[in-house]
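Here the structure is laid out as structure tokens; the discussion comes afterwards.
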Amino acid sequence: MSIGTERYPHLFAPLDLGFTRLKNRALMGSMHTGLEEADNGFERMAAFFAERARGGVGMIITGGISPNEEGGFGAKLSTPEEAARHRIITEAVHAADADTKICMQILHTGPLAARENCVAPSPVKSRIGRYRPNELTEEGIEKQIADFANCAAMARLAGYDGVEIIGSAGYLISTFLVRKTNLRTDRWGGSWENRMRFPVEVVRRVRAAVGPDFILVFRISAMDMLEEGLAWDEVLSLAKALEAEGVNIISTHFCWHEAPVPTIATMVPRAAFTQVTGRLRKHLKVPMITSNRINMPEVAEEVLARGDADIVSMARPMLADPELVLKAAQGREDEINTCIACNQACLDHTFSGRQQVSCLVNPRACNETLLKYEPVAARRRIAVVGAGPAGLAYATVAAQRGHAVTLFDAANEIGGQFNLAKLIPGKEEFHETLRYYRTMIGKLGIECRLGARVDVATIEAGGFDEVIVATGIEPRRPAIEGIDHPKAVGYVDVILGRKPVGRRVAIMGAGGIGFDVAELISHEGVSASLDIGIFAKEWGIDFENHPRGGVTGVTPQVARADRTVYLMQRKTDPVGKNLGRTTGWTHRLTLARRGVQMINGVEYVKIDDAGLHTLVNGEPKLFEVDTVIVCAGQLPLRTLHDELEAAGRRSTLVGGAFEAAELDAKRAIDQASRLAATV
Ligand code: FAD
Ligand code: NAP
Ligand code: SF4
């Protein structure tokens, strides 16, 4: 028995589907990466998926491909010519590992398609859609069903092992199911039997088109998080009807994109939703997939062992580490680069539509053909000063390529500002990134000198060929009258608990750190991200009784600290406007529910015994606070770089030391990894 099957017996058990077999229970869930529409996108997707196949995953679901023009925002599959383009993907995956299955997701976005002629059962515009959809006629409905069947047949022609039909999230199929988006009175609307006719008919026709020996997965909204969404008995009857039509696997999805409940962000507890799949699974014979915030093998094993599902889907964790499954199989779990659920380089990029999807902790994700960490011919001695995200990324990539790396940090632990981030409630996953780097420092033989503030003499004595200055930032102290008053404290002292915080608090600066500090000081009790019960209460989810959508009639109950908090900025933009596209709203909503007052257009005048004197939109206003927490951005810390330059020694700046404005860990790790790939 291998280490993997001993430690994770459920995860590494094969699954017999009758005509075929999955080698394990680990699935790479579907993610639209943008490669579907990019130049050389099919070559890049082939490399991306093949790397994950080599990494041990049992089955892969591709990003969504539309069955027709009206259903998509990009890639479509409806002709044999288009099918031929997909062959490079299916062949690459099967060549990487003949036992890995790859299914193509058929995604008809319905009212969420970014095109004027988008279609839906009724002309109901989605809160997040761009256009009001055209109502489908009877013939139009027939055409959509025929297009699904044709697309599945083309997927088979392209060499896929199966298809996944997405019937959730606010896309076309799910809009037939829910009353508020299906106002029809013909045989496709009205009663539940009529509303579920469309998905059942799609499955029947797809099965007829592909034959019995082709994997057919259907993704169902098991809890859509919509007021007046699907009732439990509707979910159950749909699942049973799909089973009767011959789907091989039912996958559970939680949440429509427009629902105001976070289901995958970092503040969501691990495996928070799998219990819903578990309840459904008791009533069905067909194998079931569960998902959401399953990011480590032990979590996957627990979910399977509990009987919540037959297969676990891990999507973003496969961006973060293509070898997650292989590492679990070989007992190298401590080497897993864990997805921290930040969404910063994946979903935020998808939804902004401007940047290629990748991963904050792994910039190679979706860039496999462009960013390569190749072995070096000549080994160089490299000093990396600063063990924050930039220094850690540089050191590990350079050492992996074969360089001799010495990593210095003035602090007694690696991590830089991640040691502050990990203390914010809801950001506990940041510990995992530090565990990953700690492990890799040991395994790659990097000499790590902690508690070592580096100066020119240290560098001169070391005889290094290259010096990388990753010394990060220093917090900005704005030149305001009274900035040295005892009431004014820096965010570092607050987060580390080195300075007390009063009952009435002004936070000066509402960037990412201002929001995190507001979260920290307004929060009370156990972090919701660590307790599914508290999380459910905070977001108004009733897992036990499953009212319509899981949320209908449930009022969110937020625990809050006994404190008055003002979160301020000078800009007149809405506060929090620049936070992450897919997560910013959760932070704004949480703080608003805790009574944090967000104020823009503030000019800071002075701090004194009375509090913080300001002009708000030009009007004088005194905030009678006990504490003013300064979160006013950062400046690059380049002392070492400047001293080396003065001594005639060349060095390379990375991360915050290179540029502090708009710095985040995504940019720090990406820049450092790219530089280390070429040294
Ligand atoms: P740093 O992390 O600042 O590391 C620099 C290191 O250099 C430090 O460890 C320091 O001790 C060391 N050093 C300095 N001078 C010397 C010297 N002379 N000799 C030896 N060592 C030296 N980013 C995100 O992307 N997402 C988030 O959710 C997020 N949350 C955050 C939450 C908080 C509370 C904070 C404070 C930051 C957060 N960030 C987040 C920002 C992110 O942590 C930084 O962008 C990132 O740490 C910058 O990396 P760096 O390596 O350039 O610098
Ligand atoms: P930031 O996002 O740039 O915000 C700095 C804040 O300080 C802004 O509100 C700014 O707004 C204010 N400010 C700037 N200069 C000022 C001055 N002279 N006087 C008073 N106020 C001033 O920086 P940060 O909050 O320090 O965060 C650092 C980086 O970490 C960010 O770039 C962020 O991306 C990253 N981070 C990310 C997350 C995340 O969840 N993704 C969380 C934490 C941190 P005004 O100029 O309008 O006042
Ligand atoms: Fe996970 Fe963040 Fe990477 Fe996305 S960017 S895969 S959420 S670690």
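In the structure tokens, chains take letters A, B, ... by order of appearance, with residues numbered from 1 within each chain and ligands from 1 in the order shown.
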Protein and nucleic acid residues within 6 Å of ligand 3 (only C-alpha atoms and all ligand atoms) as a ChimeraX atom specification: /A:316-317,319-320,339-346,359-361
Within 6 Å of ligand 2, counting only C-alpha atoms and all ligand atoms, residues as a PyMOL selection string: chain A and resi 478+509-514+569-571+580+631-634+662-664
Shell of 12 Å around Glu413 (chain A), only C-alpha atoms, local chain residues under 5 positions omitted, as JSON, numbers by chain: {"A": [386, 387, 388, 392, 407, 408, 418, 419, 420, 434, 435, 437, 438, 448, 449, 450, 451, 452]}
Please give me, as a tab-separated table (two decimals) with N, CA, C and O atoms, in the first residue's frame, the residues lying within 6 Å of ligand 1 when counting only C-alpha atoms and all ligand atoms.
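Wrote pocket.tsv, looks like this:
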```
chain	number	residue	atom	x	y	z
A	385	VAL	N	18.01	39.32	0.39
A	385	VAL	CA	17.84	40.03	1.68
A	385	VAL	C	16.38	40.40	1.84
A	385	VAL	O	15.84	41.20	1.07
A	386	GLY	N	15.76	39.80	2.84
A	386	GLY	CA	14.34	40.00	3.09
A	386	GLY	C	13.59	38.72	2.76
A	386	GLY	O	13.64	38.23	1.63
A	387	ALA	N	12.92	38.15	3.78
A	387	ALA	CA	12.18	36.90	3.57
A	387	ALA	C	10.68	37.13	3.64
A	387	ALA	O	9.93	36.37	4.23
A	388	GLY	N	10.23	38.25	3.03
A	388	GLY	CA	8.80	38.46	2.80
A	388	GLY	C	8.42	37.68	1.53
A	388	GLY	O	9.25	36.95	0.97
A	389	PRO	N	7.18	37.84	1.06
A	389	PRO	CA	6.77	37.10	-0.13
A	389	PRO	C	7.72	37.26	-1.31
A	389	PRO	O	8.01	36.27	-2.01
A	390	ALA	N	8.24	38.46	-1.56
A	390	ALA	CA	9.13	38.66	-2.71
A	390	ALA	C	10.43	37.87	-2.52
A	390	ALA	O	10.85	37.12	-3.42
A	391	GLY	N	11.04	38.01	-1.36
A	391	GLY	CA	12.31	37.31	-1.11
A	391	GLY	C	12.12	35.80	-1.11
A	391	GLY	O	12.95	35.05	-1.64
A	408	PHE	N	18.33	36.05	3.93
A	408	PHE	CA	18.49	36.76	5.20
A	408	PHE	C	17.18	37.44	5.60
A	408	PHE	O	16.46	37.93	4.73
A	409	ASP	N	16.92	37.50	6.89
A	409	ASP	CA	15.87	38.43	7.35
A	409	ASP	C	16.24	38.95	8.73
A	409	ASP	O	16.77	38.21	9.57
A	410	ALA	N	15.94	40.23	8.92
A	410	ALA	CA	16.23	40.86	10.21
A	410	ALA	C	15.33	40.26	11.30
A	410	ALA	O	15.72	40.19	12.47
A	411	ALA	N	14.15	39.81	10.91
A	411	ALA	CA	13.22	39.24	11.89
A	411	ALA	C	13.63	37.80	12.22
A	411	ALA	O	14.47	37.21	11.55
A	415	GLY	N	8.58	35.55	6.36
A	415	GLY	CA	7.19	35.91	6.06
A	415	GLY	C	6.93	37.39	5.84
A	415	GLY	O	5.96	37.75	5.20
A	416	GLY	N	7.78	38.26	6.42
A	416	GLY	CA	7.54	39.70	6.26
A	416	GLY	C	6.12	40.05	6.67
A	416	GLY	O	5.63	39.59	7.71
A	417	GLN	N	5.45	40.83	5.84
A	417	GLN	CA	4.10	41.30	6.19
A	417	GLN	C	3.06	40.19	6.23
A	417	GLN	O	1.96	40.40	6.76
A	418	PHE	N	3.35	39.03	5.69
A	418	PHE	CA	2.39	37.93	5.80
A	418	PHE	C	2.21	37.52	7.26
A	418	PHE	O	1.20	36.93	7.62
A	420	LEU	N	1.73	39.61	9.55
A	420	LEU	CA	0.64	40.47	10.02
A	420	LEU	C	-0.68	40.00	9.40
A	420	LEU	O	-1.69	39.86	10.08
A	421	ALA	N	-0.62	39.72	8.08
A	421	ALA	CA	-1.85	39.31	7.38
A	421	ALA	C	-2.48	38.08	8.05
A	421	ALA	O	-3.70	38.01	8.22
A	452	ALA	N	19.02	38.44	11.24
A	452	ALA	CA	20.25	38.98	10.67
A	452	ALA	C	19.95	40.23	9.83
A	452	ALA	O	19.48	40.12	8.70
A	453	ARG	N	20.13	41.42	10.43
A	453	ARG	CA	19.94	42.64	9.65
A	453	ARG	C	21.17	42.83	8.77
A	453	ARG	O	22.29	42.91	9.26
A	454	VAL	N	20.95	42.87	7.50
A	454	VAL	CA	22.06	42.87	6.54
A	454	VAL	C	22.50	44.30	6.25
A	454	VAL	O	21.67	45.20	6.07
A	470	ALA	N	15.14	42.56	-1.13
A	470	ALA	CA	13.69	42.36	-0.99
A	470	ALA	C	13.30	42.83	0.41
A	470	ALA	O	12.63	42.12	1.17
A	471	THR	N	13.74	44.06	0.73
A	471	THR	CA	13.58	44.54	2.11
A	471	THR	C	12.22	45.16	2.40
A	471	THR	O	11.97	45.64	3.50
A	472	GLY	N	11.35	45.17	1.39
A	472	GLY	CA	9.95	45.53	1.65
A	472	GLY	C	9.71	47.02	1.82
A	472	GLY	O	10.30	47.84	1.10
A	473	ILE	N	8.91	47.35	2.80
A	473	ILE	CA	8.37	48.71	2.93
A	473	ILE	C	8.51	49.24	4.34
A	473	ILE	O	8.83	48.49	5.27
A	513	ILE	N	-5.17	47.45	3.95
A	513	ILE	CA	-4.77	47.31	5.36
A	513	ILE	C	-5.76	48.00	6.28
A	513	ILE	O	-6.10	47.47	7.35
A	516	ASP	N	-8.50	45.63	6.71
A	516	ASP	CA	-8.13	44.50	7.56
A	516	ASP	C	-8.10	44.90	9.03
A	516	ASP	O	-8.54	44.15	9.91
A	640	LEU	N	19.32	49.59	2.31
A	640	LEU	CA	20.43	48.68	1.96
A	640	LEU	C	20.83	48.86	0.50
A	640	LEU	O	22.02	48.94	0.18
A	655	GLY	N	9.82	43.37	-5.15
A	655	GLY	CA	8.72	43.53	-4.20
A	655	GLY	C	8.54	44.98	-3.77
A	655	GLY	O	8.72	45.91	-4.56
A	656	GLY	N	8.17	45.17	-2.50
A	656	GLY	CA	7.91	46.50	-1.99
A	656	GLY	C	9.12	47.41	-2.06
A	656	GLY	O	8.99	48.63	-2.23
A	657	ALA	N	10.31	46.86	-1.93
A	657	ALA	CA	11.52	47.68	-2.01
A	657	ALA	C	11.67	48.26	-3.42
A	657	ALA	O	12.19	49.37	-3.60
A	663	LEU	N	1.38	48.05	-4.16
A	663	LEU	CA	2.02	46.74	-3.97
A	663	LEU	C	1.04	45.77	-3.32
A	663	LEU	O	0.29	46.14	-2.43
A	664	ASP	N	1.06	44.54	-3.74
A	664	ASP	CA	0.44	43.48	-2.96
A	664	ASP	C	1.27	42.21	-3.17
A	664	ASP	O	2.24	42.22	-3.94
A	665	ALA	N	0.90	41.16	-2.47
A	665	ALA	CA	1.72	39.94	-2.54
A	665	ALA	C	1.68	39.34	-3.94
A	665	ALA	O	2.64	38.71	-4.38
A	666	LYS	N	0.58	39.54	-4.65
A	666	LYS	CA	0.48	39.01	-6.02
A	666	LYS	C	1.60	39.60	-6.88
A	666	LYS	O	2.32	38.88	-7.55
A	668	ALA	N	4.35	41.13	-5.80
A	668	ALA	CA	5.66	40.83	-5.22
A	668	ALA	C	6.12	39.43	-5.66
A	668	ALA	O	7.26	39.24	-6.11
```
Residues flagged strand (DSSP E or B) by DSSP in region 432-626 of chain A, as a VMD selection string: chain A and resid 447 to 450 466 to 469 473 to 475 481 488 to 490 504 to 508 564 to 568 597 to 599 602 to 608 611 to 616 619 to 623
Residue with smallest distance to Ile166 (chain A) - pool A:Leu107, A:Ala395, A:Leu35, A:Val178, counting only C-alpha atoms: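 Going through A:Leu107, A:Ala395, A:Leu35, A:Val178 one by one, the smallest distance to Ile166 (chain A) is for A:Leu107.
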Residue list (helix (DSSP H, G or I), DSSP) for region 100-139 of chain A, as a count of residues only: 5
Exercise: Pro260 (chain A) partners within 9 Å, only C-alpha atoms, chain neighbours under 6 positions left out, as a ChimeraX atom specification: /A:225-226,539,585-586
Considering only C-alpha atoms, give me a table of residues in region 407-522 of chain A that are at most 10 Å from region 556-568 of chain A, with the closest atom pair and distance in Å for each, as a tab-separated table.
```
residue	atom	partner	partner_atom	distance
A:Val501	CA	A:Arg563	CA	9.6
A:Gly502	CA	A:Arg563	CA	7.8
A:Arg503	CA	A:Arg563	CA	4.6
A:Arg504	CA	A:Thr564	CA	4.8
A:Val505	CA	A:Val565	CA	4.9
A:Ala506	CA	A:Tyr566	CA	4.7
A:Ile507	CA	A:Leu567	CA	4.9
A:Met508	CA	A:Met568	CA	5.4
A:Gly509	CA	A:Met568	CA	5.5
A:Ala510	CA	A:Met568	CA	5.8
A:Gly511	CA	A:Met568	CA	9.5
A:Gly514	CA	A:Leu567	CA	7.3
A:Phe515	CA	A:Leu567	CA	7.8
A:Val517	CA	A:Leu567	CA	9.5
A:Ala518	CA	A:Leu567	CA	7.1
A:Glu519	CA	A:Arg560	CA	9.8
A:Leu520	CA	A:Ala561	CA	9.5
A:Ile521	CA	A:Ala561	CA	7.1
A:Ser522	CA	A:Ala561	CA	4.9
```
Convert the current residue selection to file output with N, CA and C atoms, as a PDB file, in the first residue's frame.
```pdb
ATOM      1  N   VAL A 501      -6.007  49.547  21.998  1.00  0.00           N
ATOM      2  CA  VAL A 501      -6.931  50.267  21.117  1.00  0.00           C
ATOM      3  C   VAL A 501      -8.158  50.619  21.946  1.00  0.00           C
ATOM      4  N   GLY A 502      -8.585  51.908  21.889  1.00  0.00           N
ATOM      5  CA  GLY A 502      -9.699  52.366  22.727  1.00  0.00           C
ATOM      6  C   GLY A 502     -11.052  51.927  22.205  1.00  0.00           C
ATOM      7  N   ARG A 503     -12.128  52.488  22.843  1.00  0.00           N
ATOM      8  CA  ARG A 503     -13.501  52.131  22.462  1.00  0.00           C
ATOM      9  C   ARG A 503     -13.997  52.937  21.271  1.00  0.00           C
ATOM     10  N   ARG A 504     -13.378  54.128  21.082  1.00  0.00           N
ATOM     11  CA  ARG A 504     -13.768  54.967  19.930  1.00  0.00           C
ATOM     12  C   ARG A 504     -12.521  55.153  19.068  1.00  0.00           C
ATOM     13  N   VAL A 505     -12.612  54.701  17.834  1.00  0.00           N
ATOM     14  CA  VAL A 505     -11.406  54.598  17.020  1.00  0.00           C
ATOM     15  C   VAL A 505     -11.602  55.204  15.629  1.00  0.00           C
ATOM     16  N   ALA A 506     -10.607  55.959  15.177  1.00  0.00           N
ATOM     17  CA  ALA A 506     -10.593  56.409  13.771  1.00  0.00           C
ATOM     18  C   ALA A 506      -9.465  55.675  13.060  1.00  0.00           C
ATOM     19  N   ILE A 507      -9.784  55.104  11.897  1.00  0.00           N
ATOM     20  CA  ILE A 507      -8.746  54.463  11.085  1.00  0.00           C
ATOM     21  C   ILE A 507      -8.449  55.409   9.921  1.00  0.00           C
ATOM     22  N   MET A 508      -7.207  55.853   9.862  1.00  0.00           N
ATOM     23  CA  MET A 508      -6.812  56.826   8.837  1.00  0.00           C
ATOM     24  C   MET A 508      -6.265  56.057   7.634  1.00  0.00           C
ATOM     25  N   GLY A 509      -7.066  55.953   6.583  1.00  0.00           N
ATOM     26  CA  GLY A 509      -6.644  55.191   5.393  1.00  0.00           C
ATOM     27  C   GLY A 509      -7.510  53.950   5.244  1.00  0.00           C
ATOM     28  N   ALA A 510      -8.173  53.846   4.106  1.00  0.00           N
ATOM     29  CA  ALA A 510      -9.128  52.745   3.886  1.00  0.00           C
ATOM     30  C   ALA A 510      -8.707  51.885   2.709  1.00  0.00           C
ATOM     31  N   GLY A 511      -7.407  51.589   2.612  1.00  0.00           N
ATOM     32  CA  GLY A 511      -6.930  50.620   1.621  1.00  0.00           C
ATOM     33  C   GLY A 511      -7.108  49.214   2.173  1.00  0.00           C
ATOM     34  N   GLY A 514      -6.278  49.178   5.877  1.00  0.00           N
ATOM     35  CA  GLY A 514      -7.305  49.850   6.681  1.00  0.00           C
ATOM     36  C   GLY A 514      -8.499  48.932   6.884  1.00  0.00           C
ATOM     37  N   PHE A 515      -8.934  48.262   5.832  1.00  0.00           N
ATOM     38  CA  PHE A 515     -10.070  47.338   5.933  1.00  0.00           C
ATOM     39  C   PHE A 515      -9.732  46.166   6.854  1.00  0.00           C
ATOM     40  N   VAL A 517      -7.590  46.102   9.303  1.00  0.00           N
ATOM     41  CA  VAL A 517      -7.536  46.571  10.691  1.00  0.00           C
ATOM     42  C   VAL A 517      -8.967  46.776  11.209  1.00  0.00           C
ATOM     43  N   ALA A 518      -9.844  47.322  10.368  1.00  0.00           N
ATOM     44  CA  ALA A 518     -11.245  47.500  10.778  1.00  0.00           C
ATOM     45  C   ALA A 518     -11.867  46.151  11.108  1.00  0.00           C
ATOM     46  N   GLU A 519     -11.568  45.147  10.290  1.00  0.00           N
ATOM     47  CA  GLU A 519     -12.068  43.790  10.534  1.00  0.00           C
ATOM     48  C   GLU A 519     -11.569  43.299  11.904  1.00  0.00           C
ATOM     49  N   LEU A 520     -10.281  43.476  12.145  1.00  0.00           N
ATOM     50  CA  LEU A 520      -9.672  42.984  13.385  1.00  0.00           C
ATOM     51  C   LEU A 520     -10.296  43.627  14.625  1.00  0.00           C
ATOM     52  N   ILE A 521     -10.457  44.951  14.589  1.00  0.00           N
ATOM     53  CA  ILE A 521     -10.892  45.608  15.830  1.00  0.00           C
ATOM     54  C   ILE A 521     -12.415  45.647  15.990  1.00  0.00           C
ATOM     55  N   SER A 522     -13.165  45.332  14.935  1.00  0.00           N
ATOM     56  CA  SER A 522     -14.630  45.330  15.071  1.00  0.00           C
ATOM     57  C   SER A 522     -15.158  43.914  15.297  1.00  0.00           C
TER      58      SER A 522
END
```
Nearest to Ile495 (chain A) by atom-to-atom distance, counting only C-alpha atoms, from A:Leu22, A:Ile629, A:Ala208, A:Leu17: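 Closest to Ile495 (chain A) of all the choices is A:Ile629.
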Best match for closeness to Ala47 (chain A) among A:Leu423, A:Val628, A:Ala365, A:Met440, counting only C-alpha atoms: A:Ala365
Spatial neighbours of Gly55 (chain A), 6 Å, only C-alpha atoms, chain gap at least 5 places, as a ChimeraX atom specification: /A:322-323,326
Save out the residues we just selected, C-alpha atoms, as a compact mmCIF listing (two decimals), in the first residue's frame.
```txt
# COMPACT_ATOMS: atom_id res chain seq x y z
CA PRO A 322 -0.55 21.32 -10.04
CA GLU A 323 1.02 18.48 -8.03
CA LEU A 326 0.84 13.58 -6.34
```
Selected residue, from A:Asn545, A:Ser30, A:Asn40, A:Thr62, that lies nearest to Asn292 (chain A) when counting only C-alpha atoms: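 Once distances to Asn292 (chain A) are computed over only C-alpha atoms, the minimum belongs to A:Ser30.
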Polymer residues at most 6 Å from region 156-161 of chain A, only C-alpha atoms, same-chain spacing of 5 or more positions, as a PyMOL selection string: chain A and resi 83-84+86-87+90+101-103
Option closest in space to Gly41 (chain A), from A:Leu615, A:Val286, A:Thr369, A:Leu496 [counting only C-alpha atoms]: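 Closest candidate: A:Thr369.
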